[in-house]
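Participant: Hey, dropping final19.cif in here, mmCIF, C-alpha atoms:
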```cif
data_entry
loop_
_atom_site.label_atom_id
_atom_site.label_comp_id
_atom_site.auth_asym_id
_atom_site.auth_seq_id
_atom_site.Cartn_x
_atom_site.Cartn_y
_atom_site.Cartn_z
CA MET X 1 0.00 0.00 0.00
CA LYS X 2 1.40 3.37 -0.99
CA ALA X 3 1.69 6.13 1.58
CA GLY X 4 0.21 9.58 1.16
CA PRO X 5 -3.22 11.11 0.53
CA ASP X 6 -6.00 8.74 -0.54
CA ILE X 7 -7.11 10.33 -3.81
CA ALA X 8 -9.39 7.39 -4.58
CA MET X 9 -11.48 8.06 -1.47
CA VAL X 10 -12.14 11.67 -2.45
CA ALA X 11 -12.75 10.67 -6.06
CA SER X 12 -15.34 8.09 -5.00
CA LEU X 13 -17.20 10.71 -2.97
CA VAL X 14 -17.21 13.26 -5.77
CA GLY X 15 -17.82 10.66 -8.49
CA ASP X 16 -21.37 9.80 -7.52
CA PRO X 17 -23.82 11.89 -9.64
CA ALA X 18 -26.11 12.79 -6.73
CA ARG X 19 -23.20 13.79 -4.49
CA SER X 20 -21.52 15.78 -7.26
CA ASN X 21 -24.76 17.72 -7.80
CA MET X 22 -24.95 18.46 -4.07
CA LEU X 23 -21.34 19.65 -3.97
CA THR X 24 -21.85 21.82 -7.05
CA ALA X 25 -24.89 23.43 -5.38
CA LEU X 26 -22.71 24.25 -2.37
CA MET X 27 -20.16 26.03 -4.57
CA THR X 28 -22.37 29.09 -4.13
CA GLY X 29 -20.71 29.42 -0.71
CA ARG X 30 -24.15 29.39 0.91
CA ALA X 31 -25.26 26.79 3.43
CA LEU X 32 -28.21 24.69 2.23
CA THR X 33 -30.58 22.31 4.00
CA ALA X 34 -30.78 18.60 3.29
CA SER X 35 -34.13 19.14 1.54
CA GLU X 36 -32.67 21.82 -0.71
CA LEU X 37 -29.72 19.61 -1.55
CA ALA X 38 -32.02 16.64 -2.22
CA HIS X 39 -33.93 18.82 -4.68
CA GLN X 40 -30.69 19.88 -6.39
CA ALA X 41 -29.62 16.25 -6.71
CA GLY X 42 -33.05 14.99 -7.80
CA ILE X 43 -33.27 12.40 -5.05
CA THR X 44 -35.45 11.69 -2.02
CA PRO X 45 -34.64 13.26 1.37
CA GLN X 46 -33.90 9.81 2.78
CA THR X 47 -31.33 9.08 0.08
CA ALA X 48 -29.89 12.57 0.50
CA SER X 49 -29.27 11.94 4.21
CA SER X 50 -27.13 8.92 3.37
CA HIS X 51 -25.09 10.86 0.81
CA LEU X 52 -24.63 13.82 3.16
CA ALA X 53 -23.37 11.53 5.91
CA LYS X 54 -20.71 10.15 3.54
CA LEU X 55 -19.66 13.62 2.39
CA GLU X 56 -19.41 14.81 5.98
CA ALA X 57 -17.39 11.76 7.03
CA GLY X 58 -15.12 12.36 4.06
CA GLY X 59 -14.40 15.93 5.15
CA LEU X 60 -15.92 17.63 2.11
CA ILE X 61 -18.91 19.24 3.84
CA GLU X 62 -19.72 20.32 7.38
CA PRO X 63 -23.06 20.81 9.14
CA GLU X 64 -24.25 23.94 10.89
CA LYS X 65 -27.27 23.89 13.16
CA GLN X 66 -29.50 26.93 13.51
CA GLY X 67 -32.60 26.46 15.61
CA ARG X 68 -34.43 23.39 14.36
CA HIS X 69 -32.71 23.51 11.01
CA ARG X 70 -29.50 21.81 9.95
CA TYR X 71 -27.51 23.35 7.12
CA TYR X 72 -24.54 22.09 5.14
CA ARG X 73 -21.66 23.92 3.51
CA LEU X 74 -18.31 23.03 1.91
CA THR X 75 -15.49 22.71 4.41
CA GLY X 76 -13.43 25.31 2.60
CA PRO X 77 -12.48 27.04 -0.65
CA ASP X 78 -10.01 24.26 -1.48
CA VAL X 79 -12.96 21.91 -2.04
CA ALA X 80 -14.54 24.40 -4.44
CA HIS X 81 -11.19 24.83 -6.21
CA VAL X 82 -10.97 21.08 -6.86
CA LEU X 83 -14.58 20.92 -8.08
CA GLU X 84 -14.02 23.83 -10.48
CA GLY X 85 -10.93 22.08 -11.82
CA LEU X 86 -12.83 18.83 -12.33
CA ALA X 87 -15.59 20.72 -14.15
CA GLY X 88 -12.97 22.18 -16.47
CA LEU X 89 -11.52 18.73 -17.13
CA ALA X 90 -14.99 17.32 -17.86
CA GLU X 91 -15.68 20.20 -20.25
CA ARG X 92 -12.37 19.73 -22.07
CA ALA X 93 -12.84 15.96 -22.32
CA GLY X 94 -16.33 16.38 -23.74
CA HIS X 95 -18.24 15.06 -20.75
CA THR X 96 -21.00 17.65 -20.75
CA ARG X 97 -24.67 17.52 -19.88
CA VAL X 98 -26.90 17.01 -22.89
CA ARG X 99 -29.67 19.25 -21.55
CA THR X 100 -28.73 22.86 -20.92
CA GLY X 101 -31.00 25.15 -18.95
CA PRO X 102 -32.05 28.72 -19.74
CA LYS X 103 -29.46 30.07 -17.31
CA GLU X 104 -26.53 28.38 -19.07
CA PRO X 105 -25.33 31.55 -20.91
CA ALA X 106 -25.66 33.60 -17.70
CA LEU X 107 -23.71 30.93 -15.79
CA ARG X 108 -20.87 31.08 -18.28
CA ARG X 109 -20.86 34.88 -18.28
CA ALA X 110 -20.64 35.47 -14.52
CA ARG X 111 -21.03 33.08 -11.61
CA ILE X 112 -19.87 32.61 -8.05
CA CYS X 113 -17.13 30.08 -7.37
CA TYR X 114 -17.51 29.62 -3.60
CA ASP X 115 -16.83 33.29 -2.79
CA HIS X 116 -15.16 34.84 -5.83
CA LEU X 117 -16.17 35.82 -9.37
CA ALA X 118 -15.85 33.21 -12.11
CA GLY X 119 -16.94 32.89 -15.72
CA ASP X 120 -16.17 35.21 -18.62
CA LEU X 121 -16.14 38.31 -16.41
CA GLY X 122 -13.94 36.68 -13.78
CA VAL X 123 -11.37 35.72 -16.42
CA GLN X 124 -11.60 39.18 -17.99
CA MET X 125 -10.91 40.81 -14.63
CA LEU X 126 -7.72 38.81 -14.06
CA ASP X 127 -6.59 39.42 -17.65
CA SER X 128 -7.05 43.14 -17.10
CA LEU X 129 -5.15 43.10 -13.81
CA ARG X 130 -2.23 41.44 -15.59
CA THR X 131 -2.37 43.81 -18.58
CA GLN X 132 -2.38 46.84 -16.25
CA ARG X 133 0.54 45.25 -14.35
CA LEU X 134 -1.43 45.30 -11.14
CA VAL X 135 -0.56 41.64 -10.57
CA ARG X 136 2.32 39.37 -11.53
CA GLN X 137 1.46 35.80 -12.48
CA THR X 138 3.68 32.78 -13.01
CA LYS X 139 1.52 29.73 -13.71
CA GLN X 140 -0.78 29.59 -10.66
CA ALA X 141 1.26 31.94 -8.50
CA ILE X 142 -0.17 35.48 -8.45
CA GLU X 143 1.20 38.45 -6.55
CA LEU X 144 -0.16 41.97 -6.24
CA THR X 145 2.26 44.68 -7.29
CA GLY X 146 2.64 47.91 -5.33
CA GLU X 147 0.51 49.63 -7.95
CA GLY X 148 -2.04 46.84 -7.60
CA LYS X 149 -2.33 47.48 -3.87
CA ARG X 150 -2.89 51.16 -4.52
CA PHE X 151 -5.47 50.34 -7.20
CA MET X 152 -7.46 48.11 -4.84
CA ALA X 153 -7.40 50.76 -2.11
CA GLU X 154 -8.41 53.64 -4.38
CA ALA X 155 -10.84 51.94 -6.78
CA LEU X 156 -12.53 49.44 -4.43
CA GLN X 157 -11.55 50.56 -0.92
CA ILE X 158 -9.92 47.19 -0.22
CA ASP X 159 -7.07 47.14 2.31
CA THR X 160 -4.95 44.32 0.92
CA GLU X 161 -2.74 44.27 4.00
CA ALA X 162 -5.74 43.02 5.99
CA LEU X 163 -6.34 40.06 3.67
CA ALA X 164 -3.56 37.82 4.97
CA HIS X 165 -4.86 34.43 6.10
CA PRO X 166 -2.87 31.55 7.63
CA ARG X 167 -4.50 28.89 5.44
CA ARG X 168 -5.40 30.80 2.28
CA PRO X 169 -3.29 32.90 -0.10
CA VAL X 170 -4.22 36.49 -0.86
CA CYS X 171 -4.12 35.79 -4.60
CA LYS X 172 -4.62 32.46 -6.30
CA ALA X 173 -5.28 31.37 -9.88
CA CYS X 174 -8.39 29.20 -10.18
CA LEU X 175 -8.88 27.39 -13.50
CA ASP X 176 -12.25 28.45 -14.89
CA TRP X 177 -14.24 25.48 -16.20
CA SER X 178 -16.14 27.40 -18.91
CA GLU X 179 -13.30 29.64 -20.12
CA ARG X 180 -10.46 27.15 -19.46
CA ARG X 181 -8.32 30.03 -18.32
CA HIS X 182 -7.67 31.42 -14.86
CA HIS X 183 -9.82 33.72 -12.77
CA LEU X 184 -8.82 35.34 -9.47
CA ALA X 185 -9.39 33.40 -6.25
CA GLY X 186 -7.89 33.73 -2.76
CA THR X 187 -8.85 36.24 -0.11
CA LEU X 188 -8.48 39.08 -2.63
CA GLY X 189 -10.89 37.42 -5.06
CA ALA X 190 -13.39 37.05 -2.22
CA ALA X 191 -12.91 40.67 -1.12
CA VAL X 192 -13.46 42.00 -4.65
CA MET X 193 -16.69 40.01 -5.04
CA SER X 194 -17.87 41.28 -1.66
CA ARG X 195 -17.24 44.86 -2.73
CA PHE X 196 -19.18 44.35 -5.97
CA THR X 197 -22.12 43.22 -3.84
CA GLU X 198 -21.76 45.99 -1.24
CA LEU X 199 -21.63 48.64 -3.97
CA ASN X 200 -24.73 47.14 -5.65
CA TRP X 201 -22.76 46.48 -8.82
CA ALA X 202 -23.70 42.81 -8.80
CA ALA X 203 -26.14 40.47 -7.11
CA ARG X 204 -26.19 36.72 -6.80
CA ASP X 205 -29.23 34.79 -7.98
CA PRO X 206 -31.20 34.05 -4.78
CA ALA X 207 -32.42 30.60 -5.92
CA PRO X 208 -30.94 27.76 -3.82
CA GLY X 209 -28.01 26.20 -5.64
CA SER X 210 -27.83 28.91 -8.34
CA ARG X 211 -24.34 30.23 -9.03
CA VAL X 212 -25.37 32.98 -11.45
CA VAL X 213 -24.17 36.52 -10.73
CA ASN X 214 -26.09 39.36 -12.37
CA PHE X 215 -24.46 42.76 -12.83
CA THR X 216 -26.59 45.90 -12.64
CA ARG X 217 -26.35 48.53 -15.38
CA THR X 218 -24.24 50.69 -13.07
CA GLY X 219 -22.14 47.68 -12.16
CA GLU X 220 -21.43 46.90 -15.81
CA LYS X 221 -20.30 50.49 -16.41
CA ARG X 222 -18.04 50.51 -13.36
CA PHE X 223 -16.65 47.05 -14.17
CA ALA X 224 -15.91 48.19 -17.74
CA ALA X 225 -14.20 51.33 -16.44
CA LEU X 226 -11.92 49.27 -14.18
CA PHE X 227 -11.40 46.10 -16.18
CA GLY X 228 -12.41 46.77 -19.79
CA ASN X 229 -15.62 46.38 -21.79
CA VAL X 230 -18.20 43.93 -20.52
CA PRO X 231 -18.92 41.21 -23.14
CA GLU X 232 -22.49 40.75 -24.34
#
```
Once more with this new file: its structure as C-alpha cells, please.
Facilitator:
Amino acid sequence: MKAGPDIAMVASLVGDPARSNMLTALMTGRALTASELAHQAGITPQTASSHLAKLEAGGLIEPEKQGRHRYYRLTGPDVAHVLEGLAGLAERAGHTRVRTGPKEPALRRARICYDHLAGDLGVQMLDSLRTQRLVRQTKQAIELTGEGKRFMAEALQIDTEALAHPRRPVCKACLDWSERRHHLAGTLGAAVMSRFTELNWAARDPAPGSRVVNFTRTGEKRFAALFGNVPE
C-alpha cells in the first residue's frame, strides 16, 4: 500500500452523480438544508441523508445547526477549487450535460465560485489586472504589485494588508471550467466580489443552488471602467 493522501477516497465521494450535484450546489458558498440539496440532486430526502453523511465523514462538507434547522456547507475554498478544476476537465474531455437550462449563458458569463467571481467576467478581470501590471502571475502563482495594492485601495476601498490568512493565499489562480483560463481566487478574489455586492454592482441569484451573478447597469459600467468592456 502506498503512503500519502488517498485520492481514490475523495474521487469516489465526488464521483457519484447525486453527491456531485450536491457539492456543485454548495459552490455558491451558501449553506443549504438537506431538503434543498435533495432537490438539487433529484433524489429523495432519505437518500440525501445517506449521501450527506458520507460527504461529511469524508471531510468535504460540514453541518451547521441553527434552531431546528440543519444546514450544510463546503469545508473550505479548497474543495470548491478542486470541483471547479474537475468541471474544467470534464468540459475539455467532452463530458457535458446534454440538456442545458435557460441560465446556461448567464452561468458562463458570470457566476460565483464559492466566494469569488468566475466565468467570462472573472477571467476578464484577471486578464485586465495582468495587462495593467497590477498583478504578476507565473503559472498559478499570483502576486499583487505595489501599484495593484494602490489600485485596490483607491478603486474598491480594499485594504490588501488586511487580507492575509494563515490557510489561504491572498491571490490564487483558479482554472475556470467554462473559459479554461484562470480567474482570481484567494482572499483578494473574495474581497473583490464582496465589494461588488456591497456597492450594488452585482447580485447573486437568490435561488438555492444557483451560481449565477447578475451585474446591474451601473455595475457593468463601473466594471468596464476598471477592467475593460463587458462582453455581451
Participant: If the PyMOL selection byres ((chain X and resi 150-165) around 8) were run on this exact file, what residues would it hold? Put them as an mmCIF file with C-alpha atoms, keeping the file's coordinate frame.
Facilitator:
```cif
data_model
loop_
_atom_site.group_PDB
_atom_site.id
_atom_site.type_symbol
_atom_site.label_atom_id
_atom_site.label_comp_id
_atom_site.auth_asym_id
_atom_site.auth_seq_id
_atom_site.Cartn_x
_atom_site.Cartn_y
_atom_site.Cartn_z
ATOM 1 C CA LEU X 134 -1.430 45.300 -11.140
ATOM 2 C CA GLY X 146 2.640 47.910 -5.330
ATOM 3 C CA GLU X 147 0.510 49.630 -7.950
ATOM 4 C CA GLY X 148 -2.040 46.840 -7.600
ATOM 5 C CA LYS X 149 -2.330 47.480 -3.870
ATOM 6 C CA PRO X 166 -2.870 31.550 7.630
ATOM 7 C CA ARG X 167 -4.500 28.890 5.440
ATOM 8 C CA ARG X 168 -5.400 30.800 2.280
ATOM 9 C CA PRO X 169 -3.290 32.900 -0.100
ATOM 10 C CA VAL X 170 -4.220 36.490 -0.860
ATOM 11 C CA THR X 187 -8.850 36.240 -0.110
ATOM 12 C CA LEU X 188 -8.480 39.080 -2.630
ATOM 13 C CA ALA X 191 -12.910 40.670 -1.120
ATOM 14 C CA VAL X 192 -13.460 42.000 -4.650
ATOM 15 C CA ARG X 195 -17.240 44.860 -2.730
ATOM 16 C CA LEU X 226 -11.920 49.270 -14.180
#
```
Participant: Identify the residues within 9 Å of coordinate (-23.5, 29.3, 0.8) (same frame as the file), considering only C-alpha atoms, and give the answer as a list in words.
Facilitator: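 With a cut-off of 9 Å, the residues come to Ala25, Leu26, Met27, Thr28, Gly29, Arg30, Ala31, Leu32, Tyr72, Arg73, Leu74, Tyr114, Asp115, Pro208 and Gly209 of chain X.
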Participant: Spell out the residues picked by the PyMOL selection byres ((chain X and resi 110) around 9) here, as a list in words.
Facilitator: Pro105, Ala106, Leu107, Arg108, Arg109, Arg111, Ile112, Leu117, Ala118, Gly119, Asp120, Leu121, Gly122, Arg211, Val212, Val213, Asn214 and Phe215 of chain X
Participant: Hey, what comes out of the PyMOL selection byres ((chain X and resi 5-20) around 12) on this file? Could you write it as a ChimeraX atom specification?
Facilitator: /X:1-4,21-27,34,37-45,47-61,79-80,82-84,86-87,90,97
Participant: Which residue gives the smallest distance to Ala173 in chain X among X:Glu62, X:Glu143, X:Glu220, X:Glu104, with all atoms listed in the file counted?
Facilitator: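 The answer is X:Glu143, which sits nearest to Ala173 in chain X.
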Participant: One decimal, Å: what's the distance from CA of Glu198 in chain X over to CA of Arg217 in chain X, could you say?
Facilitator: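 We find that CA of Glu198 in chain X and CA of Arg217 in chain X lie 15.1 Å from each other.
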Participant: Please determine, counting only C-alpha atoms, which residue among X:Arg222, X:Gln66, X:Ser178, X:Leu184 has the shortest atom-to-atom distance to Leu199 in chain X.
Facilitator: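 For Leu199 in chain X, the nearest of the given residues is X:Arg222.
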Participant: Please, what distance in Å, to one decimal, runs between CA of Arg130 in chain X and CA of Thr145 in chain X?
Facilitator: 10.0 Å
Participant: Box for range 163-178 of chain X - axis-aligned, 6 Å on each of the six sides, all listed atoms - centre and size in Å to one decimal, as AutoDock Vina command-line options.
Facilitator:
```
--center_x -9.5 --center_y 32.8 --center_z -5.6 --size_x 25.3 --size_y 26.6 --size_z 38.5
```
Participant: Distance CA of Ala141 in chain X-CA of Ala202 in chain X, one decimal place?
Facilitator: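 It comes out at 27.2 Å.
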Participant: Which residues are near Lys172 in chain X? Cut-off 12 Å, all atoms listed in the file, ignore same chain within fewer than 4 positions. Put them as a list of chain:residue names.
Facilitator: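 The neighbour list is X:Pro77, X:Asp78, X:His81, X:His116, X:Leu126, X:Val135, X:Arg136, X:Gln137, X:Thr138, X:Lys139, X:Gln140, X:Ala141, X:Ile142, X:Glu143, X:Leu144, X:Arg168, X:His182, X:His183, X:Leu184, X:Ala185, X:Gly186, X:Thr187, X:Leu188, X:Gly189, X:Ala190.
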Participant: For Ala224 in chain X, which residue among X:Ala203, X:Met125, X:Cys171, X:Ala93 is the nearest when counting only C-alpha atoms?
Facilitator: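 Of all the options, X:Met125 lies closest to Ala224 in chain X.
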Participant: Tell me which protein, DNA and RNA residues are within 7 Å of Arg181 in chain X, counting only C-alpha atoms, leaving out same-chain ones fewer than 3 positions away, and put them as a PDB file with C-alpha atoms, in the frame of the given file.
Facilitator:
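As written to disk, around.pdb reads:
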```pdb
ATOM      1  CA  VAL X 123     -11.370  35.720 -16.420  1.00  0.00           C
ATOM      2  CA  LEU X 175      -8.880  27.390 -13.500  1.00  0.00           C
ATOM      3  CA  ASP X 176     -12.250  28.450 -14.890  1.00  0.00           C
TER       4      ASP X 176
END
```
Participant: Could you rebuild range 209-220 of chain X with all heavy atoms and give me the result as a PDB file, in the frame of the given file?
Facilitator:
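out-v3.pdb, written as the output of this step:
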```pdb
ATOM      1  N   GLY X 209     -28.851  26.950  -4.716  1.00  0.00           N
ATOM      2  CA  GLY X 209     -28.010  26.200  -5.640  1.00  0.00           C
ATOM      3  C   GLY X 209     -27.617  26.951  -6.894  1.00  0.00           C
ATOM      4  O   GLY X 209     -26.769  26.479  -7.657  1.00  0.00           O
ATOM      5  N   SER X 210     -28.181  28.146  -7.146  1.00  0.00           N
ATOM      6  CA  SER X 210     -27.830  28.910  -8.340  1.00  0.00           C
ATOM      7  C   SER X 210     -26.508  29.631  -8.126  1.00  0.00           C
ATOM      8  O   SER X 210     -26.280  30.250  -7.090  1.00  0.00           O
ATOM      9  CB  SER X 210     -28.916  29.928  -8.681  1.00  0.00           C
ATOM     10  OG  SER X 210     -28.512  30.723  -9.781  1.00  0.00           O
ATOM     11  N   ARG X 211     -25.644  29.576  -9.119  1.00  0.00           N
ATOM     12  CA  ARG X 211     -24.340  30.230  -9.030  1.00  0.00           C
ATOM     13  C   ARG X 211     -24.271  31.489  -9.882  1.00  0.00           C
ATOM     14  O   ARG X 211     -23.237  32.143  -9.948  1.00  0.00           O
ATOM     15  CB  ARG X 211     -23.247  29.249  -9.458  1.00  0.00           C
ATOM     16  CG  ARG X 211     -23.137  28.025  -8.567  1.00  0.00           C
ATOM     17  CD  ARG X 211     -22.135  27.029  -9.126  1.00  0.00           C
ATOM     18  NE  ARG X 211     -20.809  27.593  -9.172  1.00  0.00           N
ATOM     19  CZ  ARG X 211     -19.791  27.055  -9.849  1.00  0.00           C
ATOM     20  NH1 ARG X 211     -19.978  25.952 -10.539  1.00  0.00           N
ATOM     21  NH2 ARG X 211     -18.615  27.631  -9.843  1.00  0.00           N
ATOM     22  N   VAL X 212     -25.364  31.833 -10.542  1.00  0.00           N
ATOM     23  CA  VAL X 212     -25.370  32.980 -11.450  1.00  0.00           C
ATOM     24  C   VAL X 212     -25.179  34.291 -10.696  1.00  0.00           C
ATOM     25  O   VAL X 212     -25.770  34.505  -9.636  1.00  0.00           O
ATOM     26  CB  VAL X 212     -26.684  33.021 -12.264  1.00  0.00           C
ATOM     27  CG1 VAL X 212     -26.787  34.320 -13.064  1.00  0.00           C
ATOM     28  CG2 VAL X 212     -26.779  31.811 -13.187  1.00  0.00           C
ATOM     29  N   VAL X 213     -24.355  35.168 -11.248  1.00  0.00           N
ATOM     30  CA  VAL X 213     -24.170  36.520 -10.730  1.00  0.00           C
ATOM     31  C   VAL X 213     -24.644  37.491 -11.808  1.00  0.00           C
ATOM     32  O   VAL X 213     -24.188  37.425 -12.959  1.00  0.00           O
ATOM     33  CB  VAL X 213     -22.689  36.801 -10.398  1.00  0.00           C
ATOM     34  CG1 VAL X 213     -22.482  38.280 -10.045  1.00  0.00           C
ATOM     35  CG2 VAL X 213     -22.224  35.910  -9.255  1.00  0.00           C
ATOM     36  N   ASN X 214     -25.557  38.370 -11.440  1.00  0.00           N
ATOM     37  CA  ASN X 214     -26.090  39.360 -12.370  1.00  0.00           C
ATOM     38  C   ASN X 214     -25.537  40.743 -12.028  1.00  0.00           C
ATOM     39  O   ASN X 214     -25.640  41.186 -10.879  1.00  0.00           O
ATOM     40  CB  ASN X 214     -27.619  39.395 -12.307  1.00  0.00           C
ATOM     41  CG  ASN X 214     -28.238  38.086 -12.767  1.00  0.00           C
ATOM     42  OD1 ASN X 214     -27.967  37.624 -13.869  1.00  0.00           O
ATOM     43  ND2 ASN X 214     -29.063  37.485 -11.920  1.00  0.00           N
ATOM     44  N   PHE X 215     -24.977  41.406 -13.025  1.00  0.00           N
ATOM     45  CA  PHE X 215     -24.460  42.760 -12.830  1.00  0.00           C
ATOM     46  C   PHE X 215     -25.558  43.772 -13.160  1.00  0.00           C
ATOM     47  O   PHE X 215     -26.309  43.596 -14.117  1.00  0.00           O
ATOM     48  CB  PHE X 215     -23.239  43.008 -13.717  1.00  0.00           C
ATOM     49  CG  PHE X 215     -21.952  42.537 -13.113  1.00  0.00           C
ATOM     50  CD1 PHE X 215     -21.653  41.188 -13.054  1.00  0.00           C
ATOM     51  CD2 PHE X 215     -21.051  43.443 -12.576  1.00  0.00           C
ATOM     52  CE1 PHE X 215     -20.471  40.738 -12.491  1.00  0.00           C
ATOM     53  CE2 PHE X 215     -19.859  43.005 -11.999  1.00  0.00           C
ATOM     54  CZ  PHE X 215     -19.570  41.646 -11.961  1.00  0.00           C
ATOM     55  N   THR X 216     -25.650  44.821 -12.360  1.00  0.00           N
ATOM     56  CA  THR X 216     -26.590  45.900 -12.640  1.00  0.00           C
ATOM     57  C   THR X 216     -26.011  46.749 -13.781  1.00  0.00           C
ATOM     58  O   THR X 216     -24.841  46.602 -14.166  1.00  0.00           O
ATOM     59  CB  THR X 216     -26.781  46.791 -11.408  1.00  0.00           C
ATOM     60  OG1 THR X 216     -25.515  47.415 -11.083  1.00  0.00           O
ATOM     61  CG2 THR X 216     -27.264  45.988 -10.206  1.00  0.00           C
ATOM     62  N   ARG X 217     -26.826  47.655 -14.302  1.00  0.00           N
ATOM     63  CA  ARG X 217     -26.350  48.530 -15.380  1.00  0.00           C
ATOM     64  C   ARG X 217     -25.187  49.389 -14.881  1.00  0.00           C
ATOM     65  O   ARG X 217     -24.174  49.575 -15.577  1.00  0.00           O
ATOM     66  CB  ARG X 217     -27.488  49.405 -15.874  1.00  0.00           C
ATOM     67  CG  ARG X 217     -27.144  50.221 -17.112  1.00  0.00           C
ATOM     68  CD  ARG X 217     -28.390  50.836 -17.727  1.00  0.00           C
ATOM     69  NE  ARG X 217     -29.333  49.807 -18.168  1.00  0.00           N
ATOM     70  CZ  ARG X 217     -30.514  50.074 -18.713  1.00  0.00           C
ATOM     71  NH1 ARG X 217     -30.895  51.329 -18.870  1.00  0.00           N
ATOM     72  NH2 ARG X 217     -31.308  49.096 -19.089  1.00  0.00           N
ATOM     73  N   THR X 218     -25.331  49.899 -13.655  1.00  0.00           N
ATOM     74  CA  THR X 218     -24.240  50.690 -13.070  1.00  0.00           C
ATOM     75  C   THR X 218     -23.009  49.821 -12.865  1.00  0.00           C
ATOM     76  O   THR X 218     -21.880  50.248 -13.132  1.00  0.00           O
ATOM     77  CB  THR X 218     -24.676  51.290 -11.719  1.00  0.00           C
ATOM     78  OG1 THR X 218     -25.778  52.168 -11.929  1.00  0.00           O
ATOM     79  CG2 THR X 218     -23.528  52.050 -11.059  1.00  0.00           C
ATOM     80  N   GLY X 219     -23.236  48.603 -12.391  1.00  0.00           N
ATOM     81  CA  GLY X 219     -22.140  47.680 -12.160  1.00  0.00           C
ATOM     82  C   GLY X 219     -21.371  47.371 -13.437  1.00  0.00           C
ATOM     83  O   GLY X 219     -20.130  47.292 -13.427  1.00  0.00           O
ATOM     84  N   GLU X 220     -22.084  47.177 -14.532  1.00  0.00           N
ATOM     85  CA  GLU X 220     -21.430  46.900 -15.810  1.00  0.00           C
ATOM     86  C   GLU X 220     -20.558  48.074 -16.242  1.00  0.00           C
ATOM     87  O   GLU X 220     -19.442  47.885 -16.735  1.00  0.00           O
ATOM     88  CB  GLU X 220     -22.474  46.597 -16.887  1.00  0.00           C
ATOM     89  CG  GLU X 220     -23.158  45.251 -16.706  1.00  0.00           C
ATOM     90  CD  GLU X 220     -23.997  44.867 -17.915  1.00  0.00           C
ATOM     91  OE1 GLU X 220     -24.166  45.726 -18.809  1.00  0.00           O
ATOM     92  OE2 GLU X 220     -24.457  43.716 -17.964  1.00  0.00           O
TER      93      GLU X 220
END
```
